[in-house]
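Peer 1: Structure file data-v6.cif (mmCIF, C-alpha atoms; chains and numbers go by the auth columns) right here:
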```
data_work
#
loop_
_atom_site.group_PDB
_atom_site.id
_atom_site.type_symbol
_atom_site.label_atom_id
_atom_site.label_comp_id
_atom_site.label_asym_id
_atom_site.label_seq_id
_atom_site.Cartn_x
_atom_site.Cartn_y
_atom_site.Cartn_z
_atom_site.B_iso_or_equiv
_atom_site.auth_seq_id
_atom_site.auth_asym_id
ATOM 1 C CA MET A 1 0.000 0.000 0.000 0.00 1 A
ATOM 2 C CA ILE A 2 1.399 3.385 -1.041 0.00 2 A
ATOM 3 C CA LEU A 3 1.416 6.412 1.260 0.00 3 A
ATOM 4 C CA TYR A 4 1.015 9.646 -0.706 0.00 4 A
ATOM 5 C CA PRO A 5 2.138 12.784 1.161 0.00 5 A
ATOM 6 C CA ALA A 6 0.017 15.728 0.048 0.00 6 A
ATOM 7 C CA ILE A 7 1.019 19.198 -1.041 0.00 7 A
ATOM 8 C CA ASP A 8 -2.008 21.406 -1.561 0.00 8 A
ATOM 9 C CA LEU A 9 -1.163 24.669 -3.313 0.00 9 A
ATOM 10 C CA LYS A 10 -3.064 27.876 -2.644 0.00 10 A
ATOM 11 C CA ASP A 11 -1.593 31.124 -3.938 0.00 11 A
ATOM 12 C CA GLY A 12 1.752 29.392 -4.473 0.00 12 A
ATOM 13 C CA VAL A 13 2.266 28.049 -0.950 0.00 13 A
ATOM 14 C CA CYS A 14 1.603 24.745 0.837 0.00 14 A
ATOM 15 C CA VAL A 15 -1.616 24.819 2.834 0.00 15 A
ATOM 16 C CA ARG A 16 -4.136 22.497 4.391 0.00 16 A
ATOM 17 C CA LEU A 17 -7.823 23.337 4.345 0.00 17 A
ATOM 18 C CA LEU A 18 -10.434 22.426 6.933 0.00 18 A
ATOM 19 C CA ARG A 19 -13.187 20.407 5.222 0.00 19 A
ATOM 20 C CA GLY A 20 -12.281 21.952 1.882 0.00 20 A
ATOM 21 C CA ASP A 21 -13.041 25.533 2.926 0.00 21 A
ATOM 22 C CA MET A 22 -10.723 27.868 0.976 0.00 22 A
ATOM 23 C CA ASP A 23 -11.223 30.537 3.644 0.00 23 A
ATOM 24 C CA ARG A 24 -9.935 28.204 6.366 0.00 24 A
ATOM 25 C CA ALA A 25 -6.424 27.526 5.091 0.00 25 A
ATOM 26 C CA THR A 26 -3.389 26.959 7.293 0.00 26 A
ATOM 27 C CA ILE A 27 -0.014 27.673 5.680 0.00 27 A
ATOM 28 C CA PHE A 28 2.452 24.900 6.494 0.00 28 A
ATOM 29 C CA ASN A 29 5.316 25.791 4.177 0.00 29 A
ATOM 30 C CA PRO A 30 5.741 28.840 1.931 0.00 30 A
ATOM 31 C CA ASP A 31 8.193 26.867 -0.250 0.00 31 A
ATOM 32 C CA PRO A 32 6.522 23.914 -2.020 0.00 32 A
ATOM 33 C CA VAL A 33 9.792 22.813 -3.653 0.00 33 A
ATOM 34 C CA ALA A 34 11.510 22.526 -0.282 0.00 34 A
ATOM 35 C CA GLN A 35 8.529 20.609 1.067 0.00 35 A
ATOM 36 C CA ALA A 36 8.551 18.199 -1.873 0.00 36 A
ATOM 37 C CA LYS A 37 12.259 17.550 -1.390 0.00 37 A
ATOM 38 C CA ARG A 38 11.648 16.912 2.295 0.00 38 A
ATOM 39 C CA PHE A 39 9.031 14.291 1.487 0.00 39 A
ATOM 40 C CA GLN A 40 11.348 12.619 -1.014 0.00 40 A
ATOM 41 C CA GLU A 41 14.191 12.542 1.502 0.00 41 A
ATOM 42 C CA ALA A 42 11.839 10.975 4.065 0.00 42 A
ATOM 43 C CA GLY A 43 11.463 7.953 1.789 0.00 43 A
ATOM 44 C CA PHE A 44 8.081 8.518 0.169 0.00 44 A
ATOM 45 C CA GLU A 45 7.699 6.894 -3.247 0.00 45 A
ATOM 46 C CA TRP A 46 5.035 9.251 -4.661 0.00 46 A
ATOM 47 C CA LEU A 47 3.847 12.821 -4.170 0.00 47 A
ATOM 48 C CA HIS A 48 0.203 13.927 -4.277 0.00 48 A
ATOM 49 C CA LEU A 49 -0.036 17.510 -5.557 0.00 49 A
ATOM 50 C CA VAL A 50 -3.193 19.628 -5.849 0.00 50 A
ATOM 51 C CA ASP A 51 -3.740 23.071 -7.364 0.00 51 A
ATOM 52 C CA LEU A 52 -6.522 24.256 -5.059 0.00 52 A
ATOM 53 C CA ASN A 53 -7.048 27.569 -6.852 0.00 53 A
ATOM 54 C CA GLY A 54 -7.193 25.661 -10.120 0.00 54 A
ATOM 55 C CA ALA A 55 -9.848 23.320 -8.777 0.00 55 A
ATOM 56 C CA VAL A 56 -12.089 26.282 -8.015 0.00 56 A
ATOM 57 C CA GLU A 57 -11.358 28.293 -11.170 0.00 57 A
ATOM 58 C CA GLY A 58 -11.413 25.345 -13.572 0.00 58 A
ATOM 59 C CA LYS A 59 -7.968 25.958 -15.030 0.00 59 A
ATOM 60 C CA PRO A 60 -4.347 25.749 -13.796 0.00 60 A
ATOM 61 C CA VAL A 61 -3.482 28.628 -11.471 0.00 61 A
ATOM 62 C CA ASN A 62 -0.398 27.434 -9.595 0.00 62 A
ATOM 63 C CA ALA A 63 1.280 26.136 -12.752 0.00 63 A
ATOM 64 C CA ASP A 64 4.687 27.667 -11.995 0.00 64 A
ATOM 65 C CA ALA A 65 4.799 26.098 -8.537 0.00 65 A
ATOM 66 C CA VAL A 66 3.684 22.736 -9.919 0.00 66 A
ATOM 67 C CA ALA A 67 6.341 22.799 -12.643 0.00 67 A
ATOM 68 C CA ALA A 68 9.033 23.723 -10.114 0.00 68 A
ATOM 69 C CA VAL A 69 8.080 20.835 -7.834 0.00 69 A
ATOM 70 C CA VAL A 70 8.008 18.301 -10.666 0.00 70 A
ATOM 71 C CA ALA A 71 11.437 19.445 -11.875 0.00 71 A
ATOM 72 C CA ALA A 72 12.978 19.349 -8.403 0.00 72 A
ATOM 73 C CA ILE A 73 12.228 15.763 -7.356 0.00 73 A
ATOM 74 C CA ASP A 74 12.787 12.290 -8.735 0.00 74 A
ATOM 75 C CA ILE A 75 9.741 10.530 -7.294 0.00 75 A
ATOM 76 C CA PRO A 76 6.580 10.426 -9.436 0.00 76 A
ATOM 77 C CA VAL A 77 3.899 13.076 -8.975 0.00 77 A
ATOM 78 C CA GLN A 78 0.147 12.762 -9.289 0.00 78 A
ATOM 79 C CA LEU A 79 -1.515 16.118 -9.915 0.00 79 A
ATOM 80 C CA GLY A 80 -5.080 17.331 -9.588 0.00 80 A
ATOM 81 C CA GLY A 81 -6.920 20.641 -9.712 0.00 81 A
ATOM 82 C CA GLY A 82 -8.273 22.517 -12.717 0.00 82 A
ATOM 83 C CA ILE A 83 -7.674 19.798 -15.320 0.00 83 A
ATOM 84 C CA ARG A 84 -10.871 19.950 -17.352 0.00 84 A
ATOM 85 C CA ASN A 85 -9.801 19.401 -20.976 0.00 85 A
ATOM 86 C CA ARG A 86 -7.487 17.297 -23.131 0.00 86 A
ATOM 87 C CA GLU A 87 -5.027 20.116 -23.803 0.00 87 A
ATOM 88 C CA THR A 88 -4.353 20.713 -20.110 0.00 88 A
ATOM 89 C CA LEU A 89 -4.169 16.998 -19.359 0.00 89 A
ATOM 90 C CA GLU A 90 -1.674 16.257 -22.111 0.00 90 A
ATOM 91 C CA ARG A 91 0.409 19.316 -21.288 0.00 91 A
ATOM 92 C CA TRP A 92 0.917 18.080 -17.743 0.00 92 A
ATOM 93 C CA LEU A 93 1.642 14.506 -18.802 0.00 93 A
ATOM 94 C CA ASP A 94 4.182 15.758 -21.328 0.00 94 A
ATOM 95 C CA SER A 95 5.823 17.988 -18.703 0.00 95 A
ATOM 96 C CA GLY A 96 6.756 15.162 -16.376 0.00 96 A
ATOM 97 C CA VAL A 97 3.654 14.610 -14.242 0.00 97 A
ATOM 98 C CA ARG A 98 3.283 10.837 -13.953 0.00 98 A
ATOM 99 C CA ARG A 99 -0.452 10.778 -13.285 0.00 99 A
ATOM 100 C CA VAL A 100 -3.201 13.369 -13.625 0.00 100 A
ATOM 101 C CA ILE A 101 -6.289 13.437 -11.426 0.00 101 A
ATOM 102 C CA LEU A 102 -9.669 14.290 -12.899 0.00 102 A
ATOM 103 C CA GLY A 103 -12.422 15.239 -10.476 0.00 103 A
ATOM 104 C CA THR A 104 -15.057 17.758 -11.563 0.00 104 A
ATOM 105 C CA ALA A 105 -14.792 16.549 -15.167 0.00 105 A
ATOM 106 C CA ALA A 106 -15.877 13.056 -14.094 0.00 106 A
ATOM 107 C CA LEU A 107 -19.308 14.529 -13.379 0.00 107 A
ATOM 108 C CA SER A 108 -19.489 17.355 -15.907 0.00 108 A
ATOM 109 C CA ASP A 109 -17.779 15.706 -18.890 0.00 109 A
ATOM 110 C CA PRO A 110 -17.645 11.911 -18.402 0.00 110 A
ATOM 111 C CA ASP A 111 -16.897 11.249 -22.080 0.00 111 A
ATOM 112 C CA PHE A 112 -13.696 13.290 -21.793 0.00 112 A
ATOM 113 C CA VAL A 113 -12.675 11.321 -18.712 0.00 113 A
ATOM 114 C CA LEU A 114 -13.426 7.970 -20.348 0.00 114 A
ATOM 115 C CA ASP A 115 -11.429 8.951 -23.426 0.00 115 A
ATOM 116 C CA ALA A 116 -8.543 10.186 -21.270 0.00 116 A
ATOM 117 C CA CYS A 117 -8.418 6.948 -19.268 0.00 117 A
ATOM 118 C CA ARG A 118 -8.362 4.874 -22.439 0.00 118 A
ATOM 119 C CA ALA A 119 -5.806 7.037 -24.237 0.00 119 A
ATOM 120 C CA HIS A 120 -3.472 7.196 -21.225 0.00 120 A
ATOM 121 C CA GLU A 121 -4.111 3.899 -19.476 0.00 121 A
ATOM 122 C CA GLY A 122 -2.731 3.852 -15.955 0.00 122 A
ATOM 123 C CA ARG A 123 -1.885 7.563 -15.979 0.00 123 A
ATOM 124 C CA VAL A 124 -5.302 8.999 -15.085 0.00 124 A
ATOM 125 C CA ALA A 125 -6.864 8.789 -11.635 0.00 125 A
ATOM 126 C CA ILE A 126 -10.425 9.846 -10.870 0.00 126 A
ATOM 127 C CA ALA A 127 -11.091 11.882 -7.751 0.00 127 A
ATOM 128 C CA ILE A 128 -14.472 11.324 -6.152 0.00 128 A
ATOM 129 C CA ASP A 129 -15.020 13.716 -3.275 0.00 129 A
ATOM 130 C CA ALA A 130 -18.126 13.104 -1.218 0.00 130 A
ATOM 131 C CA ARG A 131 -20.064 15.019 1.387 0.00 131 A
ATOM 132 C CA GLU A 132 -22.521 12.713 3.183 0.00 132 A
ATOM 133 C CA GLY A 133 -22.101 10.211 0.363 0.00 133 A
ATOM 134 C CA ARG A 134 -22.894 12.671 -2.448 0.00 134 A
ATOM 135 C CA VAL A 135 -20.323 13.970 -4.917 0.00 135 A
ATOM 136 C CA ALA A 136 -19.053 17.549 -4.573 0.00 136 A
ATOM 137 C CA VAL A 137 -17.204 19.297 -7.411 0.00 137 A
ATOM 138 C CA GLU A 138 -15.466 22.548 -8.415 0.00 138 A
ATOM 139 C CA GLY A 139 -13.088 22.545 -5.470 0.00 139 A
ATOM 140 C CA TRP A 140 -15.886 21.208 -3.260 0.00 140 A
ATOM 141 C CA THR A 141 -17.865 24.409 -3.711 0.00 141 A
ATOM 142 C CA ARG A 142 -20.831 22.718 -5.423 0.00 142 A
ATOM 143 C CA ASN A 143 -22.739 19.669 -4.232 0.00 143 A
ATOM 144 C CA SER A 144 -24.538 17.225 -6.516 0.00 144 A
ATOM 145 C CA ASP A 145 -27.179 14.565 -6.017 0.00 145 A
ATOM 146 C CA VAL A 146 -24.952 11.835 -7.472 0.00 146 A
ATOM 147 C CA ARG A 147 -23.812 9.066 -5.152 0.00 147 A
ATOM 148 C CA ALA A 148 -20.082 8.420 -4.981 0.00 148 A
ATOM 149 C CA LEU A 149 -20.486 4.742 -5.864 0.00 149 A
ATOM 150 C CA ASP A 150 -22.722 5.472 -8.858 0.00 150 A
ATOM 151 C CA LEU A 151 -20.121 7.869 -10.270 0.00 151 A
ATOM 152 C CA ALA A 152 -17.272 5.425 -9.692 0.00 152 A
ATOM 153 C CA LEU A 153 -19.121 2.627 -11.459 0.00 153 A
ATOM 154 C CA ARG A 154 -19.379 4.726 -14.626 0.00 154 A
ATOM 155 C CA PHE A 155 -15.618 4.385 -15.078 0.00 155 A
ATOM 156 C CA GLU A 156 -15.137 0.694 -14.335 0.00 156 A
ATOM 157 C CA ASP A 157 -12.925 -0.996 -16.941 0.00 157 A
ATOM 158 C CA ALA A 158 -11.977 2.351 -18.507 0.00 158 A
ATOM 159 C CA GLY A 159 -8.303 1.961 -17.601 0.00 159 A
ATOM 160 C CA ALA A 160 -8.183 4.431 -14.704 0.00 160 A
ATOM 161 C CA ALA A 161 -5.161 4.034 -12.448 0.00 161 A
ATOM 162 C CA ALA A 162 -7.266 4.526 -9.322 0.00 162 A
ATOM 163 C CA ILE A 163 -10.306 6.096 -7.728 0.00 163 A
ATOM 164 C CA ILE A 164 -9.239 8.634 -5.121 0.00 164 A
ATOM 165 C CA TYR A 165 -12.032 8.750 -2.559 0.00 165 A
ATOM 166 C CA THR A 166 -12.224 11.671 -0.146 0.00 166 A
ATOM 167 C CA ASP A 167 -14.711 12.111 2.667 0.00 167 A
ATOM 168 C CA ILE A 168 -14.869 15.917 2.713 0.00 168 A
ATOM 169 C CA ASP A 169 -16.294 16.112 6.227 0.00 169 A
ATOM 170 C CA ARG A 170 -13.190 14.319 7.513 0.00 170 A
ATOM 171 C CA ASP A 171 -10.625 16.192 5.406 0.00 171 A
ATOM 172 C CA GLY A 172 -8.286 18.339 7.479 0.00 172 A
ATOM 173 C CA ALA A 173 -10.401 17.779 10.585 0.00 173 A
ATOM 174 C CA MET A 174 -8.091 15.168 12.155 0.00 174 A
ATOM 175 C CA GLY A 175 -11.093 13.072 13.136 0.00 175 A
ATOM 176 C CA GLY A 176 -9.972 9.802 11.600 0.00 176 A
ATOM 177 C CA VAL A 177 -10.466 8.321 8.162 0.00 177 A
ATOM 178 C CA ASN A 178 -13.877 7.001 7.081 0.00 178 A
ATOM 179 C CA VAL A 179 -12.697 3.408 6.771 0.00 179 A
ATOM 180 C CA GLU A 180 -16.175 1.917 6.422 0.00 180 A
ATOM 181 C CA ALA A 181 -17.197 4.070 3.440 0.00 181 A
ATOM 182 C CA THR A 182 -13.817 3.580 1.779 0.00 182 A
ATOM 183 C CA VAL A 183 -13.965 -0.198 2.170 0.00 183 A
ATOM 184 C CA ASP A 184 -17.539 -0.330 0.900 0.00 184 A
ATOM 185 C CA LEU A 185 -16.509 1.578 -2.222 0.00 185 A
ATOM 186 C CA ALA A 186 -13.417 -0.560 -2.791 0.00 186 A
ATOM 187 C CA PHE A 187 -15.389 -3.811 -2.450 0.00 187 A
ATOM 188 C CA ALA A 188 -17.824 -2.654 -5.124 0.00 188 A
ATOM 189 C CA LEU A 189 -15.120 -1.808 -7.683 0.00 189 A
ATOM 190 C CA THR A 190 -12.368 -3.545 -9.591 0.00 190 A
ATOM 191 C CA THR A 191 -10.502 -0.235 -9.945 0.00 191 A
ATOM 192 C CA PRO A 192 -8.054 0.293 -7.051 0.00 192 A
ATOM 193 C CA VAL A 193 -9.098 2.846 -4.442 0.00 193 A
ATOM 194 C CA ILE A 194 -6.869 5.426 -2.756 0.00 194 A
ATOM 195 C CA ALA A 195 -8.232 6.642 0.585 0.00 195 A
ATOM 196 C CA SER A 196 -8.143 10.328 1.485 0.00 196 A
ATOM 197 C CA GLY A 197 -9.455 12.611 4.184 0.00 197 A
ATOM 198 C CA GLY A 198 -9.108 12.496 7.948 0.00 198 A
ATOM 199 C CA VAL A 199 -5.937 10.455 8.438 0.00 199 A
ATOM 200 C CA SER A 200 -4.712 11.626 11.825 0.00 200 A
ATOM 201 C CA ALA A 201 -2.752 8.791 13.460 0.00 201 A
ATOM 202 C CA LEU A 202 -0.891 5.566 12.778 0.00 202 A
ATOM 203 C CA SER A 203 -4.003 3.721 13.903 0.00 203 A
ATOM 204 C CA ASP A 204 -5.836 5.041 10.811 0.00 204 A
ATOM 205 C CA LEU A 205 -3.114 3.641 8.584 0.00 205 A
ATOM 206 C CA LYS A 206 -3.237 0.311 10.393 0.00 206 A
ATOM 207 C CA GLU A 207 -6.999 0.126 9.883 0.00 207 A
ATOM 208 C CA LEU A 208 -6.647 0.786 6.182 0.00 208 A
ATOM 209 C CA LYS A 209 -3.755 -1.649 5.823 0.00 209 A
ATOM 210 C CA ALA A 210 -5.916 -4.347 7.403 0.00 210 A
ATOM 211 C CA GLN A 211 -8.471 -3.773 4.637 0.00 211 A
ATOM 212 C CA GLU A 212 -5.975 -3.776 1.775 0.00 212 A
ATOM 213 C CA SER A 213 -7.475 -6.914 0.268 0.00 213 A
ATOM 214 C CA ALA A 214 -10.747 -5.029 -0.322 0.00 214 A
ATOM 215 C CA GLY A 215 -8.954 -3.129 -3.060 0.00 215 A
ATOM 216 C CA ILE A 216 -7.436 -0.217 -1.154 0.00 216 A
ATOM 217 C CA ASP A 217 -4.217 0.560 -2.985 0.00 217 A
ATOM 218 C CA GLY A 218 -3.013 3.632 -1.122 0.00 218 A
ATOM 219 C CA VAL A 219 -3.756 6.475 1.239 0.00 219 A
ATOM 220 C CA ILE A 220 -3.185 10.229 1.055 0.00 220 A
ATOM 221 C CA CYS A 221 -1.999 12.065 4.160 0.00 221 A
ATOM 222 C CA GLY A 222 -1.505 15.764 4.692 0.00 222 A
ATOM 223 C CA ARG A 223 -1.971 17.665 7.940 0.00 223 A
ATOM 224 C CA ALA A 224 -0.862 14.806 10.203 0.00 224 A
ATOM 225 C CA LEU A 225 2.505 14.688 8.444 0.00 225 A
ATOM 226 C CA TYR A 226 2.950 18.449 8.653 0.00 226 A
ATOM 227 C CA ASP A 227 2.156 18.793 12.337 0.00 227 A
ATOM 228 C CA GLY A 228 4.096 15.717 13.433 0.00 228 A
ATOM 229 C CA ARG A 229 1.212 13.487 14.492 0.00 229 A
ATOM 230 C CA ILE A 230 2.441 10.850 12.069 0.00 230 A
ATOM 231 C CA ASP A 231 6.124 10.024 11.757 0.00 231 A
ATOM 232 C CA PRO A 232 7.023 9.288 8.111 0.00 232 A
ATOM 233 C CA ALA A 233 9.289 6.329 8.872 0.00 233 A
ATOM 234 C CA ALA A 234 6.710 4.695 11.142 0.00 234 A
ATOM 235 C CA ALA A 235 3.920 5.314 8.629 0.00 235 A
ATOM 236 C CA LEU A 236 5.892 3.820 5.757 0.00 236 A
ATOM 237 C CA ALA A 237 6.714 0.789 7.886 0.00 237 A
ATOM 238 C CA VAL A 238 3.027 0.233 8.692 0.00 238 A
ATOM 239 C CA LEU A 239 1.955 0.325 5.069 0.00 239 A
ATOM 240 C CA ALA A 240 4.851 -1.928 4.067 0.00 240 A
ATOM 241 C CA GLY A 241 3.585 -4.483 6.569 0.00 241 A
ATOM 242 C CA LYS A 242 6.624 -4.177 8.826 0.00 242 A
ATOM 243 C CA LYS A 243 4.739 -2.953 11.910 0.00 243 A
#
```
Just dump the structure as structure tokens.
Peer 2:
Amino acid sequence: MILYPAIDLKDGVCVRLLRGDMDRATIFNPDPVAQAKRFQEAGFEWLHLVDLNGAVEGKPVNADAVAAVVAAIDIPVQLGGGIRNRETLERWLDSGVRRVILGTAALSDPDFVLDACRAHEGRVAIAIDAREGRVAVEGWTRNSDVRALDLALRFEDAGAAAIIYTDIDRDGAMGGVNVEATVDLAFALTTPVIASGGVSALSDLKELKAQESAGIDGVICGRALYDGRIDPAAALAVLAGKK
């Protein structure tokens, strides 16, 4: 199981939001390149990078910061936020991003997402962000009536690398991951699931690791790594099955 440390970019700096609220951002590092290097040096094998402004505006906003991070590290990067068309997607893939994440487009333009998954098999992940089980889009500023599972099922067998499932009410709140909802989703799909939102302690990682056979391929962690609640070496050992 892969542990993805998260860098969320807002106005060019590393932040963490509380439940996706752009007005409730805590700055953890003003230098995203330095933060990315720190994660690489800690032994992480991937980096999860999100352009938060881009997610809201529907187009890349923190492009310079993203490009600088990608150029500065050797580990692969998965990038989300503001990728809504083929031109943007292919530009990022050509620039060194290993995997792009499509979220809002999965609801607003499913044909584009299906085509992208098929054209770039294994290099497109689909982000499904849910509030009380219903999908939220556009940087979590707009709620829909679509169930997370129903949306995920639309992309089965399309060649997506993973479904990234976030429980918005848990994200940044340090209240623990929603293991039950994540496992239920993973059991219903053949596409691997990456858990996100609410990871606050090693116990959360142990719970997810115990459910790996359900189809949980990885977990994204942000605030708990920044504030020291989770030690990188211990976390990596848990997910490698060494603890």
Peer 1: For segment 114-157 of chain A versus segment 89-110 of chain A, which residues have an atom no more than 10 Å away, and what is each residue's nearest atom pair and distance in Å rounded to one decimal, using all atoms listed in the file, chain-then-number order, as a Markdown table?
Peer 2:
```
| residue | atom | partner | partner_atom | distance |
| --- | --- | --- | --- | --- |
| A:Leu114 | CA | A:Pro110 | CA | 6.1 |
| A:Asp115 | CA | A:Pro110 | CA | 8.5 |
| A:Ala116 | CA | A:Leu89 | CA | 8.3 |
| A:Cys117 | CA | A:Leu102 | CA | 9.8 |
| A:His120 | CA | A:Arg99 | CA | 9.2 |
| A:Glu121 | CA | A:Arg99 | CA | 10.0 |
| A:Gly122 | CA | A:Arg99 | CA | 7.8 |
| A:Arg123 | CA | A:Arg99 | CA | 4.4 |
| A:Val124 | CA | A:Val100 | CA | 5.1 |
| A:Ala125 | CA | A:Ile101 | CA | 4.7 |
| A:Ile126 | CA | A:Leu102 | CA | 4.9 |
| A:Ala127 | CA | A:Gly103 | CA | 4.5 |
| A:Ile128 | CA | A:Gly103 | CA | 6.2 |
| A:Asp129 | CA | A:Gly103 | CA | 7.8 |
| A:Val135 | CA | A:Leu107 | CA | 8.5 |
| A:Ala136 | CA | A:Thr104 | CA | 8.1 |
| A:Val137 | CA | A:Thr104 | CA | 4.9 |
| A:Glu138 | CA | A:Thr104 | CA | 5.7 |
| A:Gly139 | CA | A:Thr104 | CA | 8.0 |
| A:Trp140 | CA | A:Thr104 | CA | 9.0 |
| A:Arg142 | CA | A:Thr104 | CA | 9.8 |
| A:Ser144 | CA | A:Leu107 | CA | 9.0 |
| A:Val146 | CA | A:Leu107 | CA | 8.6 |
| A:Leu151 | CA | A:Leu107 | CA | 7.4 |
| A:Ala152 | CA | A:Ala106 | CA | 8.9 |
| A:Arg154 | CA | A:Pro110 | CA | 8.3 |
| A:Phe155 | CA | A:Pro110 | CA | 8.5 |
```
Peer 1: With a cut-off of 6 Å, could you pull out the residues of segment 31-55 of chain A touching segment 68-80 of chain A and give me the nearest pair of atoms for each, distance in Å to one decimal, using only C-alpha atoms, ordered by chain and ascending number, as a tab-separated table?
Peer 2:
```
residue	atom	partner	partner_atom	distance
A:Val33	CA	A:Val69	CA	4.9
A:Glu45	CA	A:Ile75	CA	5.8
A:Trp46	CA	A:Pro76	CA	5.2
A:Leu47	CA	A:Val77	CA	4.8
A:His48	CA	A:Gln78	CA	5.1
A:Leu49	CA	A:Leu79	CA	4.8
A:Val50	CA	A:Gly80	CA	4.8
```
Peer 1: Tell me, as a list in words, which residues lie within 12 Å of Ala210 of chain A, counting all atoms listed in the file; anything in the same chain fewer than 5 positions away does not count.
Peer 2: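 My list of contacting residues is Met1, Val179, Val183, Ser203, Asp204, Leu205, Gly215, Ile216, Asp217, Val238, Leu239, Ala240, Gly241 and Lys243 of chain A.
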Peer 1: For a cut-off of 8 Å around (-7.1, 31.6, -6.1), file coordinates, pick out all residues using all atoms listed in the file and list them as a PyMOL selection string.
Peer 2: chain A and resi 10-11+52-54+56-57+61
Peer 1: May I have the selected residues written with C-alpha atoms, as a compact mmCIF listing (two decimals), in the frame of the given file?
Peer 2:
```
# COMPACT_ATOMS: atom_id res chain seq x y z
CA LYS A 10 -3.06 27.88 -2.64
CA ASP A 11 -1.59 31.12 -3.94
CA LEU A 52 -6.52 24.26 -5.06
CA ASN A 53 -7.05 27.57 -6.85
CA GLY A 54 -7.19 25.66 -10.12
CA VAL A 56 -12.09 26.28 -8.02
CA GLU A 57 -11.36 28.29 -11.17
CA VAL A 61 -3.48 28.63 -11.47
```
Peer 1: Could you name the residues that touch segment 189-198 of chain A at 10 Å or less, counting all atoms listed in the file, but leaving out those on the same chain fewer than 5 positions away, as a ChimeraX atom specification?
Peer 2: /A:1-4,6,19,125-129,149,152-153,155-179,181-184,204-205,208,212,214-224
Peer 1: Would you place a box with edges along x, y and z of the file around all atoms of segment 205-209 of chain A listed there, add 8 Å to each of its six sides, and report the centre and edge lengths in Å to one decimal, as JSON?
Peer 2:
```
{"center_x": -5.1, "center_y": 1.0, "center_z": 8.1, "size_x": 19.9, "size_y": 21.3, "size_z": 20.6}
```
